[in-house]
Amino acid sequence: MTPGDAIVIGTFSRRMRLRLADGREVDARIRGKRLRPVCGDRVTAQEIPDEREWLVTAIRDRDNALTRPNMRGQIEVLAANIDLLVVVAASPPAPDWFVVDRYLCAAEDMGVPAAVVFNKSDLHGPAFPELQDYEAIGYPTVSCSAHSGDGIDRLQAIIRDKTAIIVGQSGVGKSSLINRLGSDARLRTGDVSERSGEGRHTTVNSMLLGLPGGGAVIDSPGVRDYAPALESETRVIHGFRELERARHDCRFANCRHLREPGCAVKAAVADGRISARRYESYKRLLALTTRLNSP
Ligand code: GDP
Ligand code: ZN
């Protein structure tokens, strides 16, 4: 069989679900230990004679990748070739805006557009003022409810024809939103775990799910309780787009916007052009990145 191109639409340990160029979906395993395909990867795959499975032989160059440090401090890739990062917050649980900011930072780092979704609008009154901060710096925001369906059409419109990854603290309603958007997520999760012959309850997998209105969402358990860290301090300022814009007017090119004189970022915070809360997030992430990167 001639090898062909495919896209990874499900991962389960060393097993994969692929969508082939002709639209067929097949199970696959991976050649060698070093190859680690993730959802969204474009791969080369070939049919294995006399077997039901296909074999993934190569990963094509990634446009981008969402990563996080794992328990051993190594970089783990969660998903690849993403067009949009959708950060979800809600109330309850109490919104952790620092987590939102860290994900937005990751999006800037990857060069991927991002949107902020506030779910569970059925439970609270007026929108949280933090959402306006995000709108003001150019992130589209959506207030919606996976339960009532309110605002889901706006979310659908933002994702249409894109491959979006849905991230955010656990309990904010990511799975509920993915189901509401119309993907048959639960069905397909069961599908892969059954085919690979492993227990359904221990399933830790990622899925790329097509949406009826066009576009797809990546559902990755890796984004439940972690937010990505950054490789170096210089990436942190880049991750806060309004600080990145302001910093060009700082007196010192290597200004860290903490205690330096002539700091344009601090001046903008002082007169309200930059949100003090976002600036606090910047300082926290800078401290965290410094700690993670020091031996
Ligand atoms: P995830 O951990 O982010 O995937 O969150 P889930 O989708 O599992 O949802 C967590 C809890 O919030 C569940 O009990 C959901 O039923 C509930 N939930 C999700 N979306 C909404 C919503 O729009 N409104 C309300 N009231 N509850 C929601
Ligand atoms: Zn500065």
# chains A, B, ... in the order shown; residues from 1 in each chain; ligands from 1

call {"tool": "residues_around", "arguments": {"residues": "Ala45 of chain A", "least_positions_apart": "6", "cutoff": "7 Å", "atoms": "only C-alpha atoms", "output": "number ranges by chain"}}
result
A: 3-6, 54-57

call {"tool": "write_last_selection", "arguments": {"atoms": "C-alpha atoms", "output": "short mmCIF file (atom, residue, chain, number, x, y, z; two decimals), in the first residue's frame"}}
result
data_model
loop_
_atom_site.label_atom_id
_atom_site.label_comp_id
_atom_site.auth_asym_id
_atom_site.auth_seq_id
_atom_site.Cartn_x
_atom_site.Cartn_y
_atom_site.Cartn_z
CA PRO A 3 1.69 5.71 2.23
CA GLY A 4 -0.72 8.60 2.40
CA ASP A 5 -1.43 11.71 4.40
CA ALA A 6 -3.75 11.62 7.35
CA TRP A 54 -2.62 1.47 9.97
CA LEU A 55 0.92 2.50 10.81
CA VAL A 56 2.02 6.10 11.39
CA THR A 57 5.51 6.50 9.95
#

call {"tool": "residues_near_ligand", "arguments": {"ligand": "ligand 2", "cutoff": "9 Å", "atoms": "only C-alpha atoms and all ligand atoms", "output": "list in words"}}
result
Leu243, Ala246, Arg247, His248, Asp249, Cys250, Arg251, Phe252, Ala253, Asn254, Cys255, Arg256, His257, Leu258, Arg259, Glu260, Pro261, Gly262, Cys263, Ala264, Val265, Lys266 and Ala267 of chain A

call {"tool": "write_last_selection", "arguments": {"atoms": "C-alpha atoms", "output": "CSV table (one decimal), in the first residue's frame"}}
result
chain,number,residue,atom,x,y,z
A,243,LEU,CA,2.3,45.3,27.7
A,246,ALA,CA,3.7,49.7,25.6
A,247,ARG,CA,7.2,48.4,26.4
A,248,HIS,CA,8.7,50.1,23.3
A,249,ASP,CA,8.5,53.4,25.1
A,250,CYS,CA,10.4,52.2,28.2
A,251,ARG,CA,13.7,54.0,28.8
A,252,PHE,CA,15.7,50.7,29.0
A,253,ALA,CA,15.5,48.1,26.2
A,254,ASN,CA,15.9,45.3,28.8
A,255,CYS,CA,13.3,46.8,31.2
A,256,ARG,CA,11.4,44.1,33.1
A,257,HIS,CA,8.7,46.6,34.1
A,258,LEU,CA,9.1,46.0,37.8
A,259,ARG,CA,11.1,48.8,39.5
A,260,GLU,CA,13.0,50.4,36.6
A,261,PRO,CA,12.8,54.2,36.1
A,262,GLY,CA,11.2,55.5,32.9
A,263,CYS,CA,9.0,52.4,32.6
A,264,ALA,CA,6.2,53.1,30.1
A,265,VAL,CA,4.3,49.9,31.1
A,266,LYS,CA,4.1,51.1,34.8
A,267,ALA,CA,3.1,54.5,33.6

call {"tool": "closest_atom_pairs", "arguments": {"of": "segment 162-281 of chain A", "to": "segment 34-41 of chain A", "cutoff": "12 Å", "atoms": "only C-alpha atoms", "output": "tab-separated table"}}
result
residue	atom	partner	partner_atom	distance
A:Lys162	CA	A:Gly40	CA	11.5
A:Thr163	CA	A:Gly40	CA	8.1
A:Ala164	CA	A:Gly40	CA	9.9
A:Ile165	CA	A:Gly40	CA	9.8
A:Asn205	CA	A:Cys39	CA	9.4
A:Ser206	CA	A:Cys39	CA	6.5
A:Met207	CA	A:Cys39	CA	6.5
A:Leu208	CA	A:Cys39	CA	6.1
A:Leu209	CA	A:Cys39	CA	9.9
A:Gly210	CA	A:Gly40	CA	11.6
A:Ala216	CA	A:Gly40	CA	9.9
A:Val217	CA	A:Gly40	CA	9.8
A:Ile218	CA	A:Cys39	CA	7.2
A:Asp219	CA	A:Cys39	CA	9.0
A:Ser220	CA	A:Cys39	CA	8.6
A:Pro221	CA	A:Cys39	CA	11.8
A:Gly222	CA	A:Val38	CA	11.5

call {"tool": "residues_near_ligand", "arguments": {"ligand": "ligand 1", "cutoff": "6 Å", "atoms": "only C-alpha atoms and all ligand atoms", "output": "list in words"}}
result
Asn119, Lys120, Asp122, Leu123, Ser145, Ala146, His147, Ser170, Gly171, Val172, Gly173, Lys174, Ser175 and Ser176 of chain A

call {"tool": "write_last_selection", "arguments": {"atoms": "N, CA, C and O atoms", "output": "short mmCIF file (atom, residue, chain, number, x, y, z; two decimals), in the first residue's frame"}}
result
data_model
loop_
_atom_site.label_atom_id
_atom_site.label_comp_id
_atom_site.auth_asym_id
_atom_site.auth_seq_id
_atom_site.Cartn_x
_atom_site.Cartn_y
_atom_site.Cartn_z
N ASN A 119 -18.70 30.99 30.52
CA ASN A 119 -19.82 30.04 30.47
C ASN A 119 -20.70 30.17 31.73
O ASN A 119 -20.34 30.84 32.68
N LYS A 120 -21.83 29.50 31.71
CA LYS A 120 -22.79 29.45 32.82
C LYS A 120 -23.49 30.80 33.01
O LYS A 120 -23.76 31.21 34.14
N ASP A 122 -26.36 31.39 32.63
CA ASP A 122 -27.66 31.18 33.29
C ASP A 122 -27.57 31.35 34.80
O ASP A 122 -28.58 31.54 35.46
N LEU A 123 -26.35 31.30 35.35
CA LEU A 123 -26.19 31.35 36.81
C LEU A 123 -25.84 32.73 37.35
O LEU A 123 -25.91 32.97 38.54
N SER A 145 -24.05 29.98 27.75
CA SER A 145 -24.45 28.91 28.66
C SER A 145 -24.59 27.60 27.90
O SER A 145 -25.40 27.50 26.98
N ALA A 146 -23.81 26.62 28.32
CA ALA A 146 -23.92 25.29 27.72
C ALA A 146 -25.27 24.68 28.07
O ALA A 146 -25.80 23.87 27.33
N HIS A 147 -25.85 25.10 29.19
CA HIS A 147 -27.14 24.55 29.61
C HIS A 147 -28.31 25.15 28.86
O HIS A 147 -29.12 24.43 28.31
N SER A 170 -10.73 23.15 35.45
CA SER A 170 -11.75 22.12 35.40
C SER A 170 -13.02 22.63 36.07
O SER A 170 -13.00 23.50 36.94
N GLY A 171 -14.14 22.14 35.56
CA GLY A 171 -15.43 22.52 36.10
C GLY A 171 -16.08 23.73 35.46
O GLY A 171 -17.21 24.09 35.80
N VAL A 172 -15.39 24.37 34.51
CA VAL A 172 -15.97 25.56 33.88
C VAL A 172 -16.98 25.20 32.78
O VAL A 172 -17.73 26.06 32.32
N GLY A 173 -16.97 23.93 32.38
CA GLY A 173 -17.96 23.50 31.39
C GLY A 173 -17.41 23.23 30.00
O GLY A 173 -18.14 23.31 29.02
N LYS A 174 -16.14 22.89 29.90
CA LYS A 174 -15.54 22.63 28.58
C LYS A 174 -16.24 21.47 27.87
O LYS A 174 -16.64 21.59 26.72
N SER A 175 -16.39 20.36 28.59
CA SER A 175 -17.05 19.19 27.98
C SER A 175 -18.49 19.52 27.60
O SER A 175 -18.96 19.16 26.52
N SER A 176 -19.16 20.22 28.50
CA SER A 176 -20.55 20.59 28.23
C SER A 176 -20.66 21.46 26.99
O SER A 176 -21.56 21.29 26.17
#

call {"tool": "select_by_dssp", "arguments": {"residues": "segment 21-257 of chain A", "states": "helix (DSSP H, G or I)", "output": "ChimeraX atom specification"}}
result
/A:97-110,129-136,152-159,174-180,185-195,200-202,221-223,233-238,241-249

call {"tool": "atom_distance", "arguments": {"atom1": "atom CA of Glu108 of chain A", "atom2": "atom CA of Pro212 of chain A"}}
result
28.3 Å

call {"tool": "closest_residue", "arguments": {"among": "A:Arg60, A:Val117, A:Val167, A:Gln156", "to": "Cys144 of chain A", "atoms": "only C-alpha atoms"}}
result
A:Val117

call {"tool": "atom_distance", "arguments": {"atom1": "atom CA of Ile158 of chain A", "atom2": "atom CA of Gly182 of chain A"}}
result
14.7 Å

call {"tool": "atom_distance", "arguments": {"atom1": "atom CA of Leu85 of chain A", "atom2": "atom CA of Glu135 of chain A"}}
result
15.3 Å

call {"tool": "residues_around", "arguments": {"residues": "segment 270-286 of chain A", "least_positions_apart": "5", "cutoff": "12 Å", "atoms": "only C-alpha atoms", "output": "MDAnalysis selection string"}}
result
chainID A and resid 96:106 129:137 227:247 256:259 263:265 291:293
